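Asker: Hey, dropping query33.cif in here, mmCIF, C-alpha atoms; chains and numbers go by the auth columns:
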```cif
data_coords
loop_
_atom_site.group_PDB
_atom_site.id
_atom_site.type_symbol
_atom_site.label_atom_id
_atom_site.label_comp_id
_atom_site.label_asym_id
_atom_site.label_seq_id
_atom_site.Cartn_x
_atom_site.Cartn_y
_atom_site.Cartn_z
_atom_site.B_iso_or_equiv
_atom_site.auth_seq_id
_atom_site.auth_asym_id
ATOM 1 C CA MET A 1 0.000 0.000 0.000 0.00 28 A
ATOM 2 C CA LYS A 2 2.902 2.347 0.706 0.00 29 A
ATOM 3 C CA PHE A 3 4.020 1.997 -2.928 0.00 30 A
ATOM 4 C CA TRP A 4 0.538 2.941 -4.139 0.00 31 A
ATOM 5 C CA LEU A 5 0.453 6.071 -2.025 0.00 32 A
ATOM 6 C CA SER A 6 3.797 7.265 -3.350 0.00 33 A
ATOM 7 C CA LEU A 7 2.695 6.416 -6.894 0.00 34 A
ATOM 8 C CA ALA A 8 -0.555 8.362 -6.545 0.00 35 A
ATOM 9 C CA VAL A 9 1.325 11.382 -5.207 0.00 36 A
ATOM 10 C CA GLY A 10 3.974 11.116 -7.932 0.00 37 A
ATOM 11 C CA ALA A 11 1.429 10.660 -10.699 0.00 38 A
ATOM 12 C CA SER A 12 -0.558 13.637 -9.450 0.00 39 A
ATOM 13 C CA LEU A 13 2.419 15.839 -10.303 0.00 40 A
ATOM 14 C CA TYR A 14 1.820 14.962 -13.951 0.00 41 A
ATOM 15 C CA LEU A 15 -1.913 14.351 -14.053 0.00 42 A
ATOM 16 C CA PRO A 16 -4.184 15.882 -11.437 0.00 43 A
ATOM 17 C CA SER A 17 -6.984 13.614 -12.636 0.00 44 A
ATOM 18 C CA VAL A 18 -4.969 10.461 -11.841 0.00 45 A
ATOM 19 C CA HIS A 19 -4.853 11.612 -8.242 0.00 46 A
ATOM 20 C CA ALA A 20 -8.578 12.385 -8.270 0.00 47 A
ATOM 21 C CA SER A 21 -9.505 8.930 -9.576 0.00 48 A
ATOM 22 C CA ALA A 22 -7.136 7.334 -7.055 0.00 49 A
ATOM 23 C CA LYS A 23 -9.598 8.338 -4.337 0.00 50 A
ATOM 24 C CA ASP A 24 -12.351 6.211 -5.923 0.00 51 A
ATOM 25 C CA PRO A 25 -12.434 2.862 -4.069 0.00 52 A
ATOM 26 C CA ALA A 26 -13.463 0.893 -7.171 0.00 53 A
ATOM 27 C CA THR A 27 -10.689 2.417 -9.266 0.00 54 A
ATOM 28 C CA SER A 28 -8.155 1.913 -6.490 0.00 55 A
ATOM 29 C CA PHE A 29 -9.159 -1.755 -6.211 0.00 56 A
ATOM 30 C CA VAL A 30 -8.796 -2.326 -9.962 0.00 57 A
ATOM 31 C CA ARG A 31 -5.473 -0.472 -10.070 0.00 58 A
ATOM 32 C CA LEU A 32 -4.035 -2.326 -7.075 0.00 59 A
ATOM 33 C CA HIS A 33 -5.242 -5.667 -8.432 0.00 60 A
ATOM 34 C CA ALA A 34 -3.661 -4.949 -11.826 0.00 61 A
ATOM 35 C CA ILE A 35 -0.374 -3.934 -10.181 0.00 62 A
ATOM 36 C CA ASP A 36 -0.408 -7.148 -8.133 0.00 63 A
ATOM 37 C CA LEU A 37 -0.888 -9.131 -11.342 0.00 64 A
ATOM 38 C CA LEU A 38 2.268 -7.565 -12.774 0.00 65 A
ATOM 39 C CA GLU A 39 4.152 -9.857 -10.374 0.00 66 A
ATOM 40 C CA GLY A 40 7.349 -7.812 -10.619 0.00 67 A
ATOM 41 C CA ALA A 41 7.387 -7.728 -14.432 0.00 68 A
ATOM 42 C CA LEU A 42 7.941 -3.964 -14.324 0.00 69 A
ATOM 43 C CA ASN A 43 9.925 -1.749 -11.991 0.00 70 A
ATOM 44 C CA ALA A 44 8.255 1.111 -10.096 0.00 71 A
ATOM 45 C CA ASP A 45 8.915 3.717 -12.801 0.00 72 A
ATOM 46 C CA GLN A 46 7.586 1.412 -15.523 0.00 73 A
ATOM 47 C CA THR A 47 4.493 0.642 -13.456 0.00 74 A
ATOM 48 C CA ALA A 48 3.810 4.362 -13.036 0.00 75 A
ATOM 49 C CA LYS A 49 4.322 4.908 -16.781 0.00 76 A
ATOM 50 C CA LEU A 50 1.877 2.096 -17.616 0.00 77 A
ATOM 51 C CA GLN A 51 -0.728 3.716 -15.353 0.00 78 A
ATOM 52 C CA LEU A 52 -0.205 7.117 -16.984 0.00 79 A
ATOM 53 C CA ILE A 53 -0.601 5.613 -20.463 0.00 80 A
ATOM 54 C CA ALA A 54 -3.799 3.827 -19.383 0.00 81 A
ATOM 55 C CA HIS A 55 -5.189 7.002 -17.845 0.00 82 A
ATOM 56 C CA GLN A 56 -4.510 8.984 -21.008 0.00 83 A
ATOM 57 C CA ALA A 57 -6.115 6.260 -23.139 0.00 84 A
ATOM 58 C CA ALA A 58 -9.250 6.439 -20.994 0.00 85 A
ATOM 59 C CA ILE A 59 -9.327 10.234 -21.275 0.00 86 A
ATOM 60 C CA ALA A 60 -8.978 9.952 -25.070 0.00 87 A
ATOM 61 C CA ALA A 61 -11.894 7.502 -25.131 0.00 88 A
ATOM 62 C CA VAL A 62 -14.194 9.739 -23.080 0.00 89 A
ATOM 63 C CA CYS A 63 -13.205 13.371 -23.572 0.00 90 A
ATOM 64 C CA ASP A 64 -13.585 15.520 -26.674 0.00 91 A
ATOM 65 C CA GLY A 65 -10.350 17.002 -27.959 0.00 92 A
ATOM 66 C CA PHE A 66 -8.073 14.140 -26.885 0.00 93 A
ATOM 67 C CA THR A 67 -6.658 11.690 -29.383 0.00 94 A
ATOM 68 C CA LEU A 68 -3.871 9.211 -28.777 0.00 95 A
ATOM 69 C CA ASP A 69 -0.759 9.634 -30.886 0.00 96 A
ATOM 70 C CA ASP A 70 0.089 6.124 -32.092 0.00 97 A
ATOM 71 C CA LYS A 71 3.809 6.893 -32.366 0.00 98 A
ATOM 72 C CA LYS A 72 3.957 8.271 -28.827 0.00 99 A
ATOM 73 C CA VAL A 73 1.988 5.317 -27.462 0.00 100 A
ATOM 74 C CA SER A 74 4.325 2.895 -29.222 0.00 101 A
ATOM 75 C CA LYS A 75 7.386 4.689 -27.857 0.00 102 A
ATOM 76 C CA ALA A 76 5.899 4.744 -24.355 0.00 103 A
ATOM 77 C CA PHE A 77 5.310 0.988 -24.499 0.00 104 A
ATOM 78 C CA GLU A 78 8.931 0.452 -25.608 0.00 105 A
ATOM 79 C CA ALA A 79 9.938 1.848 -22.209 0.00 106 A
ATOM 80 C CA LEU A 80 8.083 -1.087 -20.623 0.00 107 A
ATOM 81 C CA ALA A 81 10.662 -3.644 -21.781 0.00 108 A
ATOM 82 C CA PRO A 82 11.066 -6.614 -19.450 0.00 109 A
ATOM 83 C CA VAL A 83 13.302 -6.236 -16.442 0.00 110 A
ATOM 84 C CA GLY A 84 16.240 -8.542 -17.206 0.00 111 A
ATOM 85 C CA SER A 85 15.240 -8.975 -20.850 0.00 112 A
ATOM 86 C CA ASP A 86 18.790 -9.911 -21.777 0.00 113 A
ATOM 87 C CA LYS A 87 18.260 -13.192 -19.916 0.00 114 A
ATOM 88 C CA MET A 88 14.875 -13.984 -21.474 0.00 115 A
ATOM 89 C CA THR A 89 13.993 -16.219 -24.405 0.00 116 A
ATOM 90 C CA ALA A 90 11.894 -14.928 -27.295 0.00 117 A
ATOM 91 C CA GLU A 91 8.904 -16.813 -25.859 0.00 118 A
ATOM 92 C CA GLN A 92 9.378 -15.194 -22.443 0.00 119 A
ATOM 93 C CA LYS A 93 9.579 -11.722 -24.009 0.00 120 A
ATOM 94 C CA ASP A 94 6.424 -12.450 -26.019 0.00 121 A
ATOM 95 C CA TYR A 95 4.625 -13.562 -22.841 0.00 122 A
ATOM 96 C CA HIS A 96 5.814 -10.392 -21.083 0.00 123 A
ATOM 97 C CA ASP A 97 4.451 -8.162 -23.846 0.00 124 A
ATOM 98 C CA LYS A 98 1.079 -9.916 -23.860 0.00 125 A
ATOM 99 C CA HIS A 99 0.935 -9.852 -20.055 0.00 126 A
ATOM 100 C CA ILE A 100 1.580 -6.085 -20.030 0.00 127 A
ATOM 101 C CA LEU A 101 -1.203 -5.549 -22.585 0.00 128 A
ATOM 102 C CA VAL A 102 -3.676 -7.453 -20.392 0.00 129 A
ATOM 103 C CA ILE A 103 -2.700 -5.337 -17.371 0.00 130 A
ATOM 104 C CA TYR A 104 -2.960 -2.197 -19.521 0.00 131 A
ATOM 105 C CA GLY A 105 -6.507 -3.204 -20.476 0.00 132 A
ATOM 106 C CA MET A 106 -7.411 -3.689 -16.831 0.00 133 A
ATOM 107 C CA LEU A 107 -6.002 -0.272 -15.948 0.00 134 A
ATOM 108 C CA VAL A 108 -7.879 1.438 -18.801 0.00 135 A
ATOM 109 C CA GLY A 109 -11.085 -0.280 -17.670 0.00 136 A
ATOM 110 C CA GLY A 110 -10.543 0.894 -14.103 0.00 137 A
ATOM 111 C CA GLU A 111 -9.960 4.437 -15.295 0.00 138 A
ATOM 112 C CA LEU A 112 -13.086 4.343 -17.452 0.00 139 A
ATOM 113 C CA THR A 113 -15.187 3.398 -14.427 0.00 140 A
ATOM 114 C CA ALA A 114 -14.039 6.547 -12.642 0.00 141 A
ATOM 115 C CA MET A 115 -14.459 9.009 -15.504 0.00 142 A
ATOM 116 C CA SER A 116 -16.633 12.059 -14.983 0.00 143 A
ATOM 117 C CA GLU A 117 -17.008 15.493 -16.482 0.00 144 A
ATOM 118 C CA GLY A 118 -14.425 16.705 -13.984 0.00 145 A
ATOM 119 C CA ALA A 119 -11.830 14.293 -15.371 0.00 146 A
ATOM 120 C CA CYS A 120 -11.975 15.971 -18.775 0.00 147 A
ATOM 121 C CA LYS A 121 -11.458 19.432 -17.259 0.00 148 A
ATOM 122 C CA LEU A 122 -8.482 18.196 -15.247 0.00 149 A
ATOM 123 C CA ALA A 123 -7.081 16.521 -18.355 0.00 150 A
ATOM 124 C CA GLU A 124 -7.275 19.847 -20.206 0.00 151 A
ATOM 125 C CA GLN A 125 -5.087 21.361 -17.479 0.00 152 A
ATOM 126 C CA SER A 126 -2.618 18.484 -17.724 0.00 153 A
ATOM 127 C CA LYS A 127 -2.504 18.740 -21.516 0.00 154 A
ATOM 128 C CA ALA A 128 -1.614 22.437 -21.251 0.00 155 A
ATOM 129 C CA ASP A 129 1.152 21.809 -18.687 0.00 156 A
ATOM 130 C CA PRO A 130 4.582 21.891 -20.376 0.00 157 A
ATOM 131 C CA ASP A 131 6.051 19.824 -17.534 0.00 158 A
ATOM 132 C CA PHE A 132 3.770 16.974 -18.576 0.00 159 A
ATOM 133 C CA ALA A 133 4.740 17.074 -22.269 0.00 160 A
ATOM 134 C CA LYS A 134 7.346 14.287 -22.069 0.00 161 A
ATOM 135 C CA GLU A 135 4.772 11.904 -20.522 0.00 162 A
ATOM 136 C CA MET A 136 1.969 12.845 -22.913 0.00 163 A
ATOM 137 C CA VAL A 137 0.765 10.267 -25.433 0.00 164 A
ATOM 138 C CA TRP A 138 -1.979 12.528 -26.774 0.00 165 A
ATOM 139 C CA GLN A 139 -1.578 14.406 -30.064 0.00 166 A
#
```
Would you give me this structure, written as structure tokens?
Answerer:
Amino acid sequence: MKFWLSLAVGASLYLPSVHASAKDPATSFVRLHAIDLLEGALNADQTAKLQLIAHQAAIAAVCDGFTLDDKKVSKAFEALAPVGSDKMTAEQKDYHDKHILVIYGMLVGGELTAMSEGACKLAEQSKADPDFAKEMVWQ
């Protein structure tokens, strides 16, 4: 739980709406369950990045004026390479990639359950924040 609290605080520096949805018990349950299912496949920074990508995907699905940039999404997912990939077989890397996509889907679903009109307004603020630009996967 301590990890989650530090993640929510850290993510709120980039996306105020991530912090807002973190207060929703249903969203918190889904997020924590998804993180547990990662089973150490990602380090803490990668886990936070995966959550930020999922949040932005949910915003793009719900809010007008937000579209995912396929190139940025692809690049963001490249940063989620397996920990210790140099010691993995091709099959293990393939499993890792598929596993991460399942967790990503869970995280997007959790974010979608928490979406409200307020989330779109907070996302507008995040989108306009130059400090968030390097984490942004929107166009």
Asker: For this structure, which residues satisfy the selection - the PyMOL selection byres ((chain A and resi 88) around 12) - when it is evaluated on the file as given? I want them as an MDAnalysis selection string.
Answerer: chainID A and resid 81:87 89:95 135:136 138:140 142 146:147 165
Asker: Looking at A:Leu107, A:Leu77, A:Leu59, A:Leu69, which one is nearest to Gly132 in chain A, with distances taken over only C-alpha atoms?
Answerer: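 Using only C-alpha atoms, the shortest distance to Gly132 in chain A belongs to A:Leu77.
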Asker: Work out how far CA of Ala108 in chain A is from CA of His123 in chain A, in Å to one decimal.
Answerer: 8.3 Å
Asker: Rank A:Ala61, A:Ala71, A:Ile127, A:Met163 by their smallest atom-to-atom distance to Glu105 in chain A, using only C-alpha atoms, and report the top residue only.
Answerer: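 Residue with the minimum atom-to-atom distance to Glu105 in chain A: A:Ile127.
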Asker: Produce the centre coordinates and the three edge lengths, each in Å to one decimal, of the box along x, y and z that contains all listed atoms of range 110-117 of chain A with 5 Å added on each side, as AutoDock Vina command-line options.
Answerer:
```
--center_x 15.3 --center_y -11.2 --center_z -21.9 --size_x 16.9 --size_y 20.0 --size_z 20.9
```
Asker: Evaluate the PyMOL selection byres ((chain A and resi 57) around 9) on the structure here and hand back the selected residues as a count of residues only.
Answerer: 15
Asker: For the provided coordinates, the residues matched by the PyMOL selection byres ((chain A and resi 68) around 9) should be stated as a PyMOL selection string.
Answerer: chain A and resi 64-67+69-70+74+109-110+123+126-127
Asker: Rounded to one decimal place, report the CA of Gly111 in chain A-CA of Lys161 in chain A distance in Å.
Answerer: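 Going from CA of Gly111 in chain A over to CA of Lys161 in chain A covers 25.0 Å.
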Asker: Expressed in Å to a single decimal, how great is the separation between CA of Asp124 in chain A and CA of Asp158 in chain A?
Answerer: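 For CA of Asp124 in chain A relative to CA of Asp158 in chain A, the distance reads 28.7 Å.
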Asker: When you count only C-alpha atoms, which of these residues is closest to Ala75 in chain A: A:Glu162, A:Asp113, A:Glu151, A:Asp156?
Answerer: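 Checking each of A:Glu162, A:Asp113, A:Glu151, A:Asp156 against Ala75 in chain A, counting only C-alpha atoms, the winner is A:Glu162.
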Asker: Using only C-alpha atoms, which residue out of A:Tyr131, A:Ala150, A:Met115, A:Val164 lies closest to Ser101 in chain A?
Answerer: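 Selected residue with least distance to Ser101 in chain A: A:Val164.
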Asker: Restore N, CA, C and O atoms in range 100-114 of chain A and list the result as a JSON list (two decimals), keeping the file's coordinate frame.
Answerer:
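Generated file (selection.json):
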```
[["chain", "number", "residue", "atom", "x", "y", "z"],
["A", 100, "VAL", "N", 2.41, 6.49, -28.23],
["A", 100, "VAL", "CA", 1.99, 5.32, -27.46],
["A", 100, "VAL", "C", 2.99, 4.19, -27.67],
["A", 100, "VAL", "O", 3.43, 3.53, -26.71],
["A", 101, "SER", "N", 3.37, 3.96, -28.91],
["A", 101, "SER", "CA", 4.32, 2.90, -29.22],
["A", 101, "SER", "C", 5.65, 3.14, -28.50],
["A", 101, "SER", "O", 6.23, 2.21, -27.90],
["A", 102, "LYS", "N", 6.13, 4.36, -28.53],
["A", 102, "LYS", "CA", 7.39, 4.69, -27.86],
["A", 102, "LYS", "C", 7.26, 4.51, -26.34],
["A", 102, "LYS", "O", 8.17, 4.01, -25.68],
["A", 103, "ALA", "N", 6.12, 4.89, -25.80],
["A", 103, "ALA", "CA", 5.90, 4.74, -24.36],
["A", 103, "ALA", "C", 5.92, 3.26, -23.97],
["A", 103, "ALA", "O", 6.48, 2.90, -22.94],
["A", 104, "PHE", "N", 5.32, 2.42, -24.80],
["A", 104, "PHE", "CA", 5.31, 0.99, -24.50],
["A", 104, "PHE", "C", 6.71, 0.38, -24.63],
["A", 104, "PHE", "O", 7.03, -0.59, -23.95],
["A", 105, "GLU", "N", 7.55, 0.94, -25.49],
["A", 105, "GLU", "CA", 8.93, 0.45, -25.61],
["A", 105, "GLU", "C", 9.67, 0.61, -24.29],
["A", 105, "GLU", "O", 10.56, -0.19, -23.97],
["A", 106, "ALA", "N", 9.30, 1.62, -23.51],
["A", 106, "ALA", "CA", 9.94, 1.85, -22.21],
["A", 106, "ALA", "C", 9.51, 0.81, -21.18],
["A", 106, "ALA", "O", 10.03, 0.79, -20.07],
["A", 107, "LEU", "N", 8.57, -0.06, -21.55],
["A", 107, "LEU", "CA", 8.08, -1.09, -20.62],
["A", 107, "LEU", "C", 8.72, -2.44, -20.92],
["A", 107, "LEU", "O", 8.15, -3.49, -20.66],
["A", 108, "ALA", "N", 9.93, -2.41, -21.47],
["A", 108, "ALA", "CA", 10.66, -3.64, -21.78],
["A", 108, "ALA", "C", 10.85, -4.45, -20.50],
["A", 108, "ALA", "O", 10.93, -3.89, -19.40],
["A", 109, "PRO", "N", 10.93, -5.76, -20.64],
["A", 109, "PRO", "CA", 11.07, -6.61, -19.45],
["A", 109, "PRO", "C", 12.31, -6.29, -18.64],
["A", 109, "PRO", "O", 13.37, -6.01, -19.20],
["A", 110, "VAL", "N", 12.16, -6.34, -17.33],
["A", 110, "VAL", "CA", 13.30, -6.24, -16.44],
["A", 110, "VAL", "C", 14.12, -7.51, -16.64],
["A", 110, "VAL", "O", 13.59, -8.61, -16.56],
["A", 111, "GLY", "N", 15.40, -7.37, -16.96],
["A", 111, "GLY", "CA", 16.24, -8.54, -17.21],
["A", 111, "GLY", "C", 15.98, -9.20, -18.54],
["A", 111, "GLY", "O", 16.14, -10.42, -18.69],
["A", 112, "SER", "N", 15.59, -8.41, -19.55],
["A", 112, "SER", "CA", 15.24, -8.98, -20.85],
["A", 112, "SER", "C", 16.41, -9.67, -21.53],
["A", 112, "SER", "O", 16.20, -10.55, -22.35],
["A", 113, "ASP", "N", 17.62, -9.28, -21.17],
["A", 113, "ASP", "CA", 18.79, -9.91, -21.78],
["A", 113, "ASP", "C", 18.92, -11.39, -21.40],
["A", 113, "ASP", "O", 19.63, -12.14, -22.06],
["A", 114, "LYS", "N", 18.21, -11.80, -20.37],
["A", 114, "LYS", "CA", 18.26, -13.19, -19.92],
["A", 114, "LYS", "C", 17.01, -13.97, -20.30],
["A", 114, "LYS", "O", 16.83, -15.09, -19.87]]
```
